[in-house]
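Structure file my_file-v4.pdb; described as PDB, C-alpha atoms.
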ATOM      1  CA  MET V1016     -23.488  83.092 320.082
ATOM      2  CA  TRP V1017     -22.361  79.511 319.738
ATOM      3  CA  ASP V1018     -20.061  76.844 321.045
ATOM      4  CA  MET V1019     -18.453  74.240 318.812
ATOM      5  CA  TYR V1020     -19.680  71.204 320.745
ATOM      6  CA  GLU V1021     -23.339  72.172 321.007
ATOM      7  CA  LEU V1022     -23.359  73.530 317.460
ATOM      8  CA  GLY V1023     -21.763  70.300 316.252
ATOM      9  CA  VAL V1024     -24.517  68.293 317.925
ATOM     10  CA  VAL V1025     -27.195  70.360 316.172
ATOM     11  CA  CYS V1026     -25.461  70.042 312.795
ATOM     12  CA  THR V1027     -24.971  66.288 313.177
ATOM     13  CA  VAL V1028     -28.559  65.543 314.156
ATOM     14  CA  PHE V1029     -30.419  68.000 311.963
ATOM     15  CA  GLY V1030     -27.930  69.205 309.337
ATOM     16  CA  ILE V1031     -26.856  65.880 307.861
ATOM     17  CA  GLU V1032     -29.599  64.398 305.691
ATOM     18  CA  HIS V1033     -30.689  60.980 306.870
ATOM     19  CA  THR V1034     -33.322  60.535 304.201
ATOM     20  CA  ASP V1035     -32.938  56.769 304.365
ATOM     21  CA  LEU V1036     -34.430  57.028 307.850
ATOM     22  CA  ALA V1037     -37.083  59.640 307.061
ATOM     23  CA  ASP V1038     -37.768  61.610 303.909
ATOM     24  CA  PRO V1039     -37.901  64.552 303.969
ATOM     25  CA  TRP V1040     -35.314  65.199 306.680
ATOM     26  CA  TYR V1041     -34.866  68.499 308.519
ATOM     27  CA  ARG V1042     -33.621  71.582 306.688
ATOM     28  CA  LEU V1043     -31.077  73.364 308.889
ATOM     29  CA  ARG V1044     -30.107  77.005 308.527
ATOM     30  CA  LEU V1045     -27.340  78.578 310.601
ATOM     31  CA  CYS V1046     -28.311  82.114 311.565
ATOM     32  CA  GLY V1047     -26.319  84.888 313.179
ATOM     33  CA  THR V1048     -27.040  88.347 314.499
ATOM     34  CA  ARG V1049     -25.830  89.434 311.094
ATOM     35  CA  PRO V1050     -24.812  87.370 308.049
ATOM     36  CA  GLY V1051     -21.067  86.830 307.937
ATOM     37  CA  GLY V1052     -18.433  85.774 310.438
ATOM     38  CA  ALA V1053     -19.260  84.885 314.033
ATOM     39  CA  HIS V1054     -16.415  84.229 316.465
ATOM     40  CA  SER V1055     -16.567  81.440 319.036
ATOM     41  CA  GLY V1056     -14.783  81.411 322.363
ATOM     42  CA  SER V1057     -12.563  78.649 320.969
ATOM     43  CA  GLY V1058     -11.027  80.773 318.240
ATOM     44  CA  PHE V1059     -13.119  79.488 315.356
ATOM     45  CA  VAL V1060     -15.014  81.666 312.913
ATOM     46  CA  LEU V1061     -18.383  80.548 311.605
ATOM     47  CA  ASN V1062     -19.618  82.034 308.342
ATOM     48  CA  THR V1063     -23.397  82.251 308.479
ATOM     49  CA  SER V1064     -25.398  82.976 305.360
ATOM     50  CA  HIS V1065     -28.628  83.756 307.219
ATOM     51  CA  GLY V1066     -29.624  86.528 309.581
ATOM     52  CA  LEU V1067     -32.125  86.660 312.417
ATOM     53  CA  SER V1068     -35.015  87.363 310.078
ATOM     54  CA  GLU V1069     -34.972  83.634 309.251
ATOM     55  CA  LEU V1070     -36.131  82.837 312.777
ATOM     56  CA  VAL V1071     -39.601  84.179 312.058
ATOM     57  CA  GLY V1072     -41.427  81.467 310.150
ATOM     58  CA  ALA V1073     -39.095  78.668 311.284
ATOM     59  CA  ASP V1074     -40.674  75.533 312.704
ATOM     60  CA  THR V1075     -37.938  75.123 315.335
ATOM     61  CA  VAL V1076     -35.327  77.584 316.620
ATOM     62  CA  ILE V1077     -32.325  76.175 318.495
ATOM     63  CA  VAL V1078     -29.998  78.304 320.630
ATOM     64  CA  PRO V1079     -26.857  76.154 321.126
ATOM     65  CA  SER V1080     -25.141  78.444 323.638
ATOM     66  CA  VAL V1081     -24.377  82.014 324.646
ATOM     67  CA  PRO V1082     -21.030  83.600 325.588
ATOM     68  CA  GLU V1083     -19.970  83.186 329.208
ATOM     69  CA  ALA V1084     -20.064  86.942 329.782
ATOM     70  CA  CYS V1085     -23.712  87.047 328.689
ATOM     71  CA  MET V1086     -24.560  84.145 330.956
ATOM     72  CA  HIS V1087     -23.197  86.032 333.962
ATOM     73  CA  GLY V1088     -24.861  89.283 332.933
ATOM     74  CA  GLU V1089     -21.524  91.009 332.371
ATOM     75  CA  ARG V1090     -22.491  91.639 328.766
ATOM     76  CA  GLU V1091     -25.909  92.071 327.206
ATOM     77  CA  LEU V1092     -27.243  89.672 324.657
ATOM     78  CA  PRO V1093     -27.946  91.475 321.371
ATOM     79  CA  PRO V1094     -31.416  93.072 321.659
ATOM     80  CA  GLU V1095     -32.171  92.037 318.083
ATOM     81  CA  LEU V1096     -31.627  88.391 319.055
ATOM     82  CA  ILE V1097     -34.031  88.676 321.985
ATOM     83  CA  GLU V1098     -36.674  90.303 319.806
ATOM     84  CA  ALA V1099     -36.202  87.672 317.096
ATOM     85  CA  LEU V1100     -36.704  84.861 319.631
ATOM     86  CA  ARG V1101     -39.881  86.496 320.905
ATOM     87  CA  ALA V1102     -41.155  86.988 317.365
ATOM     88  CA  ALA V1103     -40.372  83.383 316.445
ATOM     89  CA  HIS V1104     -42.233  82.127 319.498
ATOM     90  CA  ALA V1105     -45.199  84.386 318.784
ATOM     91  CA  GLY V1106     -45.237  83.039 315.234
ATOM     92  CA  GLY V1107     -45.607  79.469 316.477
ATOM     93  CA  ALA V1108     -42.002  78.260 316.419
ATOM     94  CA  ARG V1109     -40.740  75.664 318.856
ATOM     95  CA  LEU V1110     -37.819  77.073 320.897
ATOM     96  CA  VAL V1111     -34.987  74.775 321.990
ATOM     97  CA  SER V1112     -31.909  75.668 324.046
ATOM     98  CA  LEU V1113     -28.824  73.565 324.725
ATOM     99  CA  CYS V1114     -26.698  74.109 327.831
ATOM    100  CA  ASN V1115     -26.379  77.841 328.601
ATOM    101  CA  GLY V1116     -28.446  78.802 325.570
ATOM    102  CA  VAL V1117     -31.252  78.743 328.146
ATOM    103  CA  PHE V1118     -30.136  82.218 329.231
ATOM    104  CA  ALA V1119     -31.256  83.629 325.877
ATOM    105  CA  LEU V1120     -34.718  82.108 326.234
ATOM    106  CA  ALA V1121     -34.925  83.349 329.813
ATOM    107  CA  GLU V1122     -33.860  86.855 328.787
ATOM    108  CA  ALA V1123     -36.616  86.829 326.180
ATOM    109  CA  GLY V1124     -39.151  86.001 328.904
ATOM    110  CA  LEU V1125     -40.085  82.712 327.241
ATOM    111  CA  LEU V1126     -39.410  80.649 330.371
ATOM    112  CA  ASP V1127     -41.372  82.671 332.934
ATOM    113  CA  GLY V1128     -43.525  80.269 334.929
ATOM    114  CA  ARG V1129     -42.133  77.298 333.004
ATOM    115  CA  ARG V1130     -39.852  74.448 334.032
ATOM    116  CA  ALA V1131     -36.374  74.636 332.553
ATOM    117  CA  THR V1132     -32.943  73.168 333.107
ATOM    118  CA  ALA V1133     -29.292  73.959 332.398
ATOM    119  CA  HIS V1134     -25.883  72.516 333.195
ATOM    120  CA  TRP V1135     -25.823  71.805 336.937
ATOM    121  CA  GLU V1136     -22.986  74.324 337.363
ATOM    122  CA  HIS V1137     -25.179  77.076 335.877
ATOM    123  CA  THR V1138     -28.530  76.501 337.583
ATOM    124  CA  GLU V1139     -27.772  78.761 340.554
ATOM    125  CA  ILE V1140     -26.837  81.630 338.234
ATOM    126  CA  LEU V1141     -30.002  81.052 336.224
ATOM    127  CA  ALA V1142     -32.132  81.047 339.375
ATOM    128  CA  ARG V1143     -30.527  84.227 340.678
ATOM    129  CA  ARG V1144     -30.928  86.143 337.432
ATOM    130  CA  PHE V1145     -34.361  84.836 336.444
ATOM    131  CA  PRO V1146     -36.401  84.049 339.570
ATOM    132  CA  ASP V1147     -39.630  83.537 337.581
ATOM    133  CA  VAL V1148     -38.183  80.428 335.895
ATOM    134  CA  VAL V1149     -39.009  77.102 337.571
ATOM    135  CA  ILE V1150     -35.591  75.462 337.492
ATOM    136  CA  ASP V1151     -35.075  71.702 337.682
ATOM    137  CA  GLY V1152     -31.365  71.045 337.883
ATOM    138  CA  SER V1153     -31.747  67.285 338.301
ATOM    139  CA  VAL V1154     -32.834  66.335 334.777
ATOM    140  CA  LEU V1155     -31.078  65.973 331.425
ATOM    141  CA  TYR V1156     -33.718  67.970 329.587
ATOM    142  CA  VAL V1157     -37.170  69.508 330.006
ATOM    143  CA  ASP V1158     -39.907  69.385 327.385
ATOM    144  CA  GLU V1159     -42.559  72.045 327.979
ATOM    145  CA  GLY V1160     -44.196  71.548 324.618
ATOM    146  CA  ARG V1161     -43.136  74.572 322.581
ATOM    147  CA  VAL V1162     -40.135  75.407 324.780
ATOM    148  CA  LEU V1163     -37.462  72.794 325.484
ATOM    149  CA  THR V1164     -34.210  73.146 327.452
ATOM    150  CA  SER V1165     -31.298  70.810 328.118
ATOM    151  CA  ALA V1166     -28.489  70.415 330.592
ATOM    152  CA  GLY V1167     -24.890  70.788 329.456
ATOM    153  CA  LEU V1168     -22.826  69.155 326.742
ATOM    154  CA  SER V1169     -23.999  65.598 325.998
ATOM    155  CA  ALA V1170     -27.446  66.327 327.435
ATOM    156  CA  GLY V1171     -27.914  68.550 324.387
ATOM    157  CA  LEU V1172     -27.629  65.412 322.258
ATOM    158  CA  ASP V1173     -30.217  63.708 324.464
ATOM    159  CA  LEU V1174     -32.617  66.580 323.825
ATOM    160  CA  CYS V1175     -31.963  66.640 320.066
ATOM    161  CA  LEU V1176     -32.708  62.911 319.843
ATOM    162  CA  HIS V1177     -35.838  63.533 321.902
ATOM    163  CA  VAL V1178     -36.935  66.132 319.348
ATOM    164  CA  VAL V1179     -36.381  63.598 316.548
ATOM    165  CA  ARG V1180     -38.346  61.028 318.542
ATOM    166  CA  ARG V1181     -41.194  63.498 318.958
ATOM    167  CA  ASP V1182     -41.213  64.487 315.301
ATOM    168  CA  LEU V1183     -40.381  61.267 313.469
ATOM    169  CA  GLY V1184     -41.015  58.487 315.941
ATOM    170  CA  ALA V1185     -38.994  56.173 318.164
ATOM    171  CA  ARG V1186     -37.827  53.936 315.323
ATOM    172  CA  VAL V1187     -36.111  56.795 313.480
ATOM    173  CA  ALA V1188     -34.623  58.221 316.689
ATOM    174  CA  ASN V1189     -33.297  54.795 317.695
ATOM    175  CA  GLN V1190     -31.740  54.167 314.298
ATOM    176  CA  LEU V1191     -30.143  57.607 314.281
ATOM    177  CA  ALA V1192     -28.743  57.018 317.776
ATOM    178  CA  ARG V1193     -27.296  53.706 316.622
ATOM    179  CA  ARG V1194     -25.678  55.452 313.687
ATOM    180  CA  MET V1195     -24.134  57.977 316.079
ATOM    181  CA  VAL V1196     -23.069  55.192 318.480
ATOM    182  CA  VAL V1197     -24.919  56.725 321.431
ATOM    183  CA  PRO V1198     -27.839  55.563 323.598
ATOM    184  CA  ALA V1199     -31.227  56.430 322.118
ATOM    185  CA  HIS V1200     -32.377  57.392 325.593
ATOM    186  CA  ARG V1201     -30.405  57.746 328.806
ATOM    187  CA  PRO V1202     -32.443  57.164 331.951
ATOM    188  CA  GLY V1203     -31.916  59.373 334.967
ATOM    189  CA  GLY V1204     -30.695  62.903 335.341
ATOM    190  CA  GLN V1205     -27.690  65.065 336.036
ATOM    191  CA  ALA V1206     -27.323  63.823 339.600
ATOM    192  CA  GLN V1207     -25.714  60.587 338.396
ATOM    193  CA  PHE V1208     -22.782  62.640 337.015
ATOM    194  CA  VAL V1209     -22.259  64.894 340.052
ATOM    195  CA  GLU V1210     -19.629  63.397 342.316
ATOM    196  CA  MET V1211     -20.785  63.089 345.910
ATOM    197  CA  SER V1212     -17.839  63.764 348.138
ATOM    198  CA  VAL V1213     -16.897  65.439 351.376
ATOM    199  CA  PRO V1214     -15.812  69.069 350.854
ATOM    200  CA  VAL V1215     -12.227  69.867 351.761
ATOM    201  CA  SER V1216     -12.028  70.849 355.414
ATOM    202  CA  ASP V1217      -9.293  72.113 357.697
ATOM    203  CA  ASP V1218     -10.987  70.429 360.658
ATOM    204  CA  ASP V1219      -8.741  67.374 360.925
ATOM    205  CA  SER V1220     -10.355  66.381 364.220
ATOM    206  CA  LEU V1221     -13.364  65.057 362.274
ATOM    207  CA  ALA V1222     -11.300  62.760 360.060
ATOM    208  CA  PRO V1223     -11.259  59.798 362.505
ATOM    209  CA  VAL V1224     -15.037  59.802 363.049
ATOM    210  CA  MET V1225     -15.646  60.161 359.298
ATOM    211  CA  GLU V1226     -13.366  57.203 358.595
ATOM    212  CA  TRP V1227     -15.049  55.197 361.345
ATOM    213  CA  THR V1228     -18.476  56.010 359.907
ATOM    214  CA  LEU V1229     -17.436  54.941 356.400
ATOM    215  CA  ALA V1230     -16.124  51.660 357.807
ATOM    216  CA  ASN V1231     -19.455  51.022 359.532
ATOM    217  CA  LEU V1232     -21.992  52.093 356.915
ATOM    218  CA  ASP V1233     -23.659  48.679 357.091
ATOM    219  CA  ARG V1234     -24.675  49.417 360.696
ATOM    220  CA  PRO V1235     -27.646  51.528 361.831
ATOM    221  CA  LEU V1236     -25.956  54.788 362.842
ATOM    222  CA  THR V1237     -27.302  57.876 364.574
ATOM    223  CA  VAL V1238     -25.897  61.349 365.197
ATOM    224  CA  GLU V1239     -25.440  60.283 368.804
ATOM    225  CA  ASP V1240     -23.315  57.296 367.706
ATOM    226  CA  MET V1241     -21.043  59.482 365.575
ATOM    227  CA  ALA V1242     -20.825  62.192 368.232
ATOM    228  CA  GLU V1243     -19.889  59.649 370.893
ATOM    229  CA  HIS V1244     -17.115  58.260 368.683
ATOM    230  CA  ALA V1245     -15.875  61.826 368.157
ATOM    231  CA  ASN V1246     -15.981  62.515 371.909
ATOM    232  CA  MET V1247     -18.361  65.443 371.340
ATOM    233  CA  SER V1248     -21.886  66.271 372.336
ATOM    234  CA  PRO V1249     -24.413  65.716 369.520
ATOM    235  CA  ARG V1250     -24.969  69.474 369.296
ATOM    236  CA  THR V1251     -21.245  70.227 368.966
ATOM    237  CA  PHE V1252     -20.764  67.421 366.459
ATOM    238  CA  HIS V1253     -23.679  68.700 364.373
ATOM    239  CA  ARG V1254     -22.214  72.216 364.337
ATOM    240  CA  ARG V1255     -18.662  71.061 363.525
ATOM    241  CA  LEU V1256     -19.694  68.703 360.716
ATOM    242  CA  LEU V1257     -22.006  71.308 359.207
ATOM    243  CA  ALA V1258     -19.133  73.817 359.146
ATOM    244  CA  ALA V1259     -16.767  71.230 357.640
ATOM    245  CA  THR V1260     -18.992  69.704 354.970
ATOM    246  CA  GLY V1261     -21.775  72.212 354.396
ATOM    247  CA  THR V1262     -24.428  69.651 355.305
ATOM    248  CA  THR V1263     -25.977  68.063 358.380
ATOM    249  CA  PRO V1264     -24.669  64.794 359.851
ATOM    250  CA  MET V1265     -27.662  62.724 358.678
ATOM    251  CA  ARG V1266     -27.573  64.182 355.184
ATOM    252  CA  TRP V1267     -23.834  63.572 355.016
ATOM    253  CA  LEU V1268     -24.398  60.003 356.204
ATOM    254  CA  LEU V1269     -27.084  59.434 353.582
ATOM    255  CA  SER V1270     -24.828  60.781 350.810
ATOM    256  CA  GLN V1271     -22.076  58.369 351.889
ATOM    257  CA  ARG V1272     -24.520  55.456 351.885
ATOM    258  CA  ILE V1273     -25.629  56.348 348.365
ATOM    259  CA  ALA V1274     -22.010  56.745 347.250
ATOM    260  CA  ARG V1275     -21.268  53.261 348.673
ATOM    261  CA  ALA V1276     -24.257  51.854 346.793
ATOM    262  CA  GLN V1277     -23.036  53.497 343.590
ATOM    263  CA  ALA V1278     -19.580  51.975 344.016
ATOM    264  CA  LEU V1279     -21.027  48.517 344.638
ATOM    265  CA  LEU V1280     -23.350  48.779 341.635
ATOM    266  CA  GLU V1281     -20.428  49.790 339.423
ATOM    267  CA  SER V1282     -17.917  47.223 340.610
ATOM    268  CA  THR V1283     -19.818  44.142 341.831
ATOM    269  CA  ASP V1284     -22.615  41.791 340.795
ATOM    270  CA  LEU V1285     -24.171  41.762 344.256
ATOM    271  CA  PRO V1286     -27.981  41.580 344.160
ATOM    272  CA  ILE V1287     -29.867  44.757 345.014
ATOM    273  CA  PRO V1288     -30.969  43.560 348.502
ATOM    274  CA  ARG V1289     -27.334  42.833 349.466
ATOM    275  CA  ILE V1290     -26.252  46.273 348.253
ATOM    276  CA  GLY V1291     -28.961  47.770 350.444
ATOM    277  CA  GLU V1292     -27.497  45.886 353.404
ATOM    278  CA  HIS V1293     -23.844  46.739 352.678
ATOM    279  CA  SER V1294     -24.583  50.436 352.161
ATOM    280  CA  GLY V1295     -26.787  50.691 355.230
ATOM    281  CA  LEU V1296     -29.813  51.745 353.194
ATOM    282  CA  GLY V1297     -31.707  48.682 354.361
ATOM    283  CA  SER V1298     -34.269  46.894 352.248
ATOM    284  CA  ALA V1299     -34.256  46.801 348.461
ATOM    285  CA  ASN V1300     -37.306  49.086 348.425
ATOM    286  CA  ASN V1301     -35.596  51.606 350.703
ATOM    287  CA  LEU V1302     -32.476  51.530 348.523
ATOM    288  CA  ARG V1303     -34.545  52.106 345.381
ATOM    289  CA  ARG V1304     -36.451  54.981 346.970
ATOM    290  CA  HIS V1305     -33.394  56.879 348.218
ATOM    291  CA  PHE V1306     -31.307  56.066 345.139
ATOM    292  CA  SER V1307     -33.979  57.199 342.687
ATOM    293  CA  LEU V1308     -34.609  60.366 344.673
ATOM    294  CA  HIS V1309     -30.951  61.430 344.904
ATOM    295  CA  VAL V1310     -29.382  59.947 341.775
ATOM    296  CA  GLY V1311     -32.318  60.247 339.427
ATOM    297  CA  LEU V1312     -32.611  56.632 338.269
ATOM    298  CA  SER V1313     -33.118  53.192 339.701
ATOM    299  CA  PRO V1314     -30.191  51.101 340.994
ATOM    300  CA  SER V1315     -30.703  48.630 338.119
ATOM    301  CA  ASP V1316     -30.619  51.374 335.477
ATOM    302  CA  TYR V1317     -27.530  52.869 337.120
ATOM    303  CA  ARG V1318     -25.770  49.513 337.124
ATOM    304  CA  ARG V1319     -26.568  48.902 333.451
ATOM    305  CA  GLY V1320     -25.312  52.319 332.390
ATOM    306  CA  PHE V1321     -22.147  52.459 334.446
ATOM    307  CA  GLN V1322     -21.039  48.842 334.287
ATOM    308  CA  VAL V1323     -21.371  48.936 330.493
ATOM    309  CA  SER V1324     -19.467  52.216 330.215
ATOM    310  CA  SER V1325     -16.684  51.035 332.505
ATOM    311  CA  ALA V1326     -16.292  47.796 330.562
ATOM    312  CA  SER V1327     -16.233  49.423 327.144
TER     313      SER V1327
END
As a first step, turn the structure in this file into structure tokens.
Amino acid sequence: MWDMYELGVVCTVFGIEHTDLADPWYRLRLCGTRPGGAHSGSGFVLNTSHGLSELVGADTVIVPSVPEACMHGERELPPELIEALRAAHAGGARLVSLCNGVFALAEAGLLDGRRATAHWEHTEILARRFPDVVIDGSVLYVDEGRVLTSAGLSAGLDLCLHVVRRDLGARVANQLARRMVVPAHRPGGQAQFVEMSVPVSDDDSLAPVMEWTLANLDRPLTVEDMAEHANMSPRTFHRRLLAATGTTPMRWLLSQRIARAQALLESTDLPIPRIGEHSGLGSANNLRRHFSLHVGLSPSDYRRGFQVSSAS
């Protein structure tokens, strides 16, 4: 029940003693459904010396991941694992899941009525299988006190550093992040990593009006303007664009304006008000409002994060 990346994150943060930062440090035990070899989907074998009985009495229980088949419901999670998670929670343990490890917590009923997150590619599956979970697919992690969940891959590291910050303070978490050469805290959510693009469409007749729209994003545009350029009625244009892109004309237009703003923030030093003008989002306040709502962080935070990463 593990994946090398997520497990590696857990071992790096909690399994390596950083007693120069805080003493005592965490004591990590790797547990399996039974002591002995556990096979990953990557062909590795992990030898665990502890069984599930160790979960009861633990301060924190982390589920790094579950097999893909279990995530999709094609294979059951071991009943003894589910019972052990419930027993650990009843005994006062803090439960943490990384990426699709959230499916184990959901199966145990520990997320019913609670906010939770997962990798953005898995949130629809999670919602379909566990409708009582309040899913927020826009964030990097969710802290519900005694139950914490993270999005995929590197968001698991964000959550682990958050746990350290909660337990040992910001100074220790910041120093550990420096040691790992990662940000101590990443602002924003998953939306900043989801590419906004136009879905592939066989309707080539829309290509000219889409190109025209992209060339005129700095202008105030309406559905009527786009429909007129496409030589269609607004109703027909709405129906055709919805079929081609899966979204309405105004939502598609807004996504293109935000994508233009992202590109300008990444590649230019234009001030925020000018980016609002060039992207067609208007005033700086309007840009900030739409950008924060759809991307999950402010334009300034986005620029800092992505200009730094592209220059490094």
Point to revise | Spatial neighbours of Glu1095 of chain V, max dist 10 Å, all atoms listed in the file, sep filter under 6 positions, as a PyMOL selection string | key: chain V and resi 1048-1049+1067-1068+1101
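Those residues returned by the PyMOL selection byres ((chain V and resi 1091) around 12) for this file are V:Met1016, V:Val1081, V:Pro1082, V:Glu1083, V:Ala1084, V:Cys1085, V:Met1086, V:His1087, V:Gly1088, V:Glu1089, V:Arg1090, V:Leu1092, V:Pro1093, V:Pro1094, V:Glu1095, V:Leu1096, V:Ile1097, V:Phe1118, V:Ala1119, V:Glu1122, V:Ala1123.
Our summary of the geometry notes that atom CA of Glu1021 of chain V is positioned 17.9 Å from atom CA of Arg1109 of chain V.
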Point to revise | Residue contacts of Asn1300 of chain V (12 Å, all atoms listed in the file) excluding same-chain residues fewer than 4 positions away, as a PyMOL selection string | key: chain V and resi 1287-1292+1296+1304-1307+1313-1314
Exercise for review: Excluding Gln1190 of chain V and any residue of its chain fewer than 3 positions from it, enumerate the residues within 12 Å of it, using only C-alpha atoms, and give them as a ChimeraX atom specification.
Suggested key: /V:1028,1033,1035-1037,1176,1179-1180,1183-1187,1193-1200
Review point. Between V:Pro1286, V:Gly1124, V:Gly1295, V:Pro1039, which has the minimum distance to Asp1182 of chain V (counting all atoms listed in the file)?
Key: V:Pro1039
